[in-house]
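The structure appears below as structure tokens.
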Protein chains: 2
Amino acid sequence: MTHPKTQFVDNPAVKDKAKTKSISLIGSTGSIGRQALEVISAHEERIKVTALAAGKKHLEELAQQVRRYKPDIVAVPDAEAATELRSLLTGIDTKSQAGTGTESQTDIGIQIQPEILTGEQGLIAAATHPEAEIVLTAIVGFAGVKPTYAAIKKGKTIALANKETLVAAGCFIMPLVKEYGAQIIPVDSEHSAIHQCLSGYEISNMRRIWLTGSGGPFRTWNQNQIDNATIHDALQHPNWSMGKKITVDSATLMNKGLEIIEARWLFDFDPRKIKVVIQPQQILHSAVEFNDGSIIGQFGVPDMRLPIHYSLFYPQRVEFEGGPRLDLCKLSSLTFEEPDYTRFPCLKIAQAIANEESTLASVLNAANEVIVEAFLNNRLRFKDIPDHLQRLLDKHKPISNPLLDDILAADQWARQEALSILAAMV
Amino acid sequence: MTHPKTQFVDNPAVKDKAKTKSISLIGSTGSIGRQALEVISAHEERIKVTALAAGKKHLEELAQQVRRYKPDIVAVPDAEAATELRSLLTGIDTKSQAGTGTESQTDIGIQIQPEILTGEQGLIAAATHPEAEIVLTAIVGFAGVKPTYAAIKKGKTIALANKETLVAAGCFIMPLVKEYGAQIIPVDSEHSAIHQCLSGYEISNMRRIWLTGSGGPFRTWNQNQIDNATIHDALQHPNWSMGKKITVDSATLMNKGLEIIEARWLFDFDPRKIKVVIQPQQILHSAVEFNDGSIIGQFGVPDMRLPIHYSLFYPQRVEFEGGPRLDLCKLSSLTFEEPDYTRFPCLKIAQAIANEESTLASVLNAANEVIVEAFLNNRLRFKDIPDHLQRLLDKHKPISNPLLDDILAADQWARQEALSILAAMV
């Protein structure tokens, strides 16, 4: 490396010359989606939003996003949501005009309206929009696998916030990334950190990945307190503002376990060399240890806009005006701890299967989604989560080197099994 | 960046294919020189020592080094030292055979003996040995400038442990590095850290350098305690085992000030954007903040063999068997503080002139050498160091964009002025 030398003056030409990027945002009204749009807002001259996809919960917000970012297409789950969105966008209540909801957009005098698509097809159309260079997959859960898969087959750059794609289907997905010339830039703060630390280095020289975790809200709780933790307790994440499912995963440390599996696929790295370290302040977002004993780590305030920003501009580093800044002098103290596998058995469960190239990880991922949902609906206790997961994994007959159909089948099986276990509890 | 993917198996072929590097080690019996030889010992199949240069203090050790590493040439300060070294190597006391010290090496039956050279010429011959690809300049002080300069003019890769070269002569040296196609890899742990963090990135995207320092032995001392610090106190460095002069510089924080100047030249970076942060455990060796708010830092145990190892193998990362390892889980706590410019005025003095491209830095460097030496000889108090330095800087008439002769003259002037001040005190 010879560091390119620059003059001390800022170079305004760099900004002007910067190329405009087009992005499809899959999951625009969730926590990551919203923060992605904040980042995009800071760079409106550089980033064009070509497609938005979102669920049904926040259609008004989606309508506002459409007005502001003017995507070509919008994907919503079903026809009902499409109708409602259309009415929100036009200001005309199309639902009340039953049977006449066929007005073309020009009829009502609105010049530019996006194409509104529905269902899985809509999601895939958004993820494969021909103009999109970057597809940010910010849906939570297994639902993210299919649009991500579709985008990979179009050779897109995936800003991956949907870790389930790699957890459940990593052994199937990663060879395709190579085959189709696609690229995955992680958005998870830990994986973004590892990606950043590896810049200019070779994975073959990496001795270890240090995957940091906050330890979650129960880090200092004793076994008895954890056993009796409420939903409210589990949702008190110390540092990050995230969706509910991921927040519960942070409380069980399953999140860290899933991240080990994500990292092994993303960096093609032996999972036995991925070591979890608890860093409660979540300032060090992970680190990479090289074979000469040097460790390179990435720091930043715990703010998802930072890894999102990195993923959208990679391989460039671009000024983030108004972005969060960390003053090392004001850090005071960073602490480090070994994770406790006894109080947090979910981490142990995930680690035990991280090395498998089979449908076990798909089952873990699916079962965890269902079981966490049940916990959030007050149908089981916090302490039941690992027990149920282990029982399901023990029952599963894993398929090695699975294809997508095997993964989908394992996912389905795990969900049904989990639901029957829950049904039997009532 | 697409990370080159590797298989999970270790690849022994990599080791076999590695090319042998030749190194000239300038300052082999000092702290850095000894540790460099430890590193080289761990890689004897890869690194050949072509030249050694050392002072007169440890000629027996130098003789041992010559026997073990079999350099082509050895440089010592003068004829007397050469005679003594020769006698140590042959086992014959040549000094007692006055007037007959002309035996050729073959006369006494020793098959391979190095050429022993003396003085500045010897030093330069060692630094420019035609076979040497890497020249590790590990002499302390201004004496390192000339051999480093000579090596640069031969287009060598300089593993730079002599920071005075850049502090005193950076504005003259750096353009030559470019002109002669040479390369400087820093050995100072902080600059090595910055170099490592910049891998794969562009300096133009760097918003700030976070230069870490231990804070030295007086970090927690109050003003009165510092004013009355003894030589013994000043030599108690909390983390590193280093030479005496640098250890005193660590106590005054002048070391950190000189490092700001070193970093500005090495990375061609605005010194006003180099921020010192006290990190007492010296585990984070410095960090780089990019324009998007992300900070990349380098960690390791405080052991100079790590940056030496990095400098010898760069741009490769090579397994350091038996090298020191850091377990993040066992770190417990890293703390961070703002430096205190009131208790440590030397840092302020250096920072004030860091932005100058003149002989002021040469004067600071030279005067500091003389004044610290006087402190070590009990000729002045610890608290007198900054006062004397400031007085000398105020008296100097700086020359802008100096050539080597201007720098040498400023160095001489500063030493003489410092000595007269000291003489006047007696």
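The way I read the labels, and the way they are meant: chains A, B, ... in the order of the structure tokens, residue 1 as the first residue of every chain, and ligand 1 as the first ligand shown, with later ones counted on from there.
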Can I get the residues of chain A within 6 Å of chain B, each with the closest pair of atoms and their distance in Å to one decimal, using only C-alpha atoms, sorted chain first then ascending number, as CSV?
residue,atom,partner,partner_atom,distance
A:Thr6,CA,B:Ser204,CA,5.7
A:Phe8,CA,B:Asp270,CA,5.9
A:Ser199,CA,B:Gly200,CA,5.0
A:Gly200,CA,B:Gly200,CA,3.9
A:Ser204,CA,B:Thr6,CA,5.7
A:Asp270,CA,B:Phe8,CA,5.8
A:Val277,CA,B:Cys329,CA,5.6
A:Asn291,CA,B:Glu319,CA,4.5
A:Asp292,CA,B:Phe320,CA,4.6
A:Gly293,CA,B:Arg325,CA,5.3
A:Ser294,CA,B:Gly300,CA,5.5
A:Ile295,CA,B:Phe299,CA,4.9
A:Ile296,CA,B:Gln298,CA,4.5
A:Gly297,CA,B:Gly297,CA,5.3
A:Gln298,CA,B:Ile296,CA,4.5
A:Phe299,CA,B:Ile295,CA,4.9
A:Gly300,CA,B:Ser294,CA,5.5
A:Val318,CA,B:Asp292,CA,5.7
A:Glu319,CA,B:Asn291,CA,4.5
A:Phe320,CA,B:Asp292,CA,4.6
A:Arg325,CA,B:Gly293,CA,5.4
A:Cys329,CA,B:Glu337,CA,5.0
A:Leu331,CA,B:Phe336,CA,6.0
A:Ser332,CA,B:Phe336,CA,4.9
A:Ser333,CA,B:Thr335,CA,4.3
A:Leu334,CA,B:Leu334,CA,5.1
A:Thr335,CA,B:Ser333,CA,4.3
A:Phe336,CA,B:Ser332,CA,4.9
A:Glu337,CA,B:Cys329,CA,5.0
A:Glu338,CA,B:Cys329,CA,5.0
Worksheet item: Taking only C-alpha atoms into account, which of A:Ala229, A:Ile152, A:Ile353, A:Val140 comes nearest Phe172 (chain A)?
Response: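 Of A:Ala229, A:Ile152, A:Ile353, A:Val140, the one nearest Phe172 (chain A) is A:Ile152, counting only C-alpha atoms.
CA of Gln113 (chain B) is positioned 13.1 Å from CA of Ala75 (chain B).
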Response to the item:
Min atom-atom distance to Met174 (chain B) from the set B:Leu312, B:Ala409, B:Ala263, B:Cys346, counting only C-alpha atoms, belongs to B:Ala263
Worksheet entry | Which of region 52-290 of chain A fall in strand (DSSP E), as a ChimeraX atom specification | /A:52-53,73-76,115-118,134-137,157-160,183-186,206-213,274-278,284-290
Practice prompt. Please provide the set of residues having any atom within 8 Å of Met254 (chain A), restricted to only C-alpha atoms, with same-chain residues fewer than 3 positions apart removed, written as a list of chain:residue names.
Written response: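 My list of contacting residues is A:Asp249, A:Ser250, A:Ala251, A:Gly257, A:Leu258, A:Cys346, A:Leu347, A:Ala350.
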Could you give me, as a PDB file with N, CA, C and O atoms, in the first residue's frame, the residues within 7 Å of Ser400 (chain A), counting only C-alpha atoms and dropping anything in the same chain fewer than 2 positions from it?
ATOM      1  N   GLU A 357     -23.171 -27.389   7.665  1.00  0.00           N
ATOM      2  CA  GLU A 357     -23.634 -26.881   6.366  1.00  0.00           C
ATOM      3  C   GLU A 357     -24.870 -27.683   6.002  1.00  0.00           C
ATOM      4  O   GLU A 357     -24.846 -28.518   5.107  1.00  0.00           O
ATOM      5  N   SER A 358     -25.932 -27.435   6.753  1.00  0.00           N
ATOM      6  CA  SER A 358     -27.152 -28.229   6.585  1.00  0.00           C
ATOM      7  C   SER A 358     -28.368 -27.347   6.861  1.00  0.00           C
ATOM      8  O   SER A 358     -28.247 -26.142   7.050  1.00  0.00           O
ATOM      9  N   THR A 359     -29.546 -27.996   6.910  1.00  0.00           N
ATOM     10  CA  THR A 359     -30.775 -27.259   7.191  1.00  0.00           C
ATOM     11  C   THR A 359     -30.959 -26.940   8.684  1.00  0.00           C
ATOM     12  O   THR A 359     -31.959 -26.325   9.050  1.00  0.00           O
ATOM     13  N   PRO A 398     -31.475 -33.239   9.599  1.00  0.00           N
ATOM     14  CA  PRO A 398     -30.841 -32.245   8.728  1.00  0.00           C
ATOM     15  C   PRO A 398     -30.486 -32.781   7.348  1.00  0.00           C
ATOM     16  O   PRO A 398     -30.117 -33.947   7.206  1.00  0.00           O
ATOM     17  N   PRO A 402     -27.982 -28.136   1.432  1.00  0.00           N
ATOM     18  CA  PRO A 402     -29.352 -28.045   0.931  1.00  0.00           C
ATOM     19  C   PRO A 402     -29.500 -27.064  -0.238  1.00  0.00           C
ATOM     20  O   PRO A 402     -28.753 -26.088  -0.347  1.00  0.00           O
TER      21      PRO A 402
END
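For the pair CA of Gly215 (chain B) and CA of Ser362 (chain B), the interatomic distance is 24.1 Å.
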Worksheet entry | From B:Leu160, B:Lys273, B:Glu262, B:Ala182, residue lying nearest Ile209 (chain B) [only C-alpha atoms] |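 Of B:Leu160, B:Lys273, B:Glu262, B:Ala182, the one nearest Ile209 (chain B) is B:Lys273, counting only C-alpha atoms.
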Worksheet item: Distance CA of Leu404 (chain A)-CA of Ile261 (chain A), one decimal place?
Response: 17.4 Å
Worksheet entry | Polymer residues at most 7 Å from region 52-61 of chain B, only C-alpha atoms, same-chain spacing of 4 or more positions, as a VMD selection string | chain B and resid 24 to 29 65 71 73 to 77 81 85 88 123 126
Discussion item. Would you pick out the contacts of Gly141 (chain A) at 8 Å or less, using only C-alpha atoms, so that residues sharing its chain but fewer than 6 positions from it are not included, and give the list as a VMD selection string?
Written reply: chain A and resid 162 to 164 369
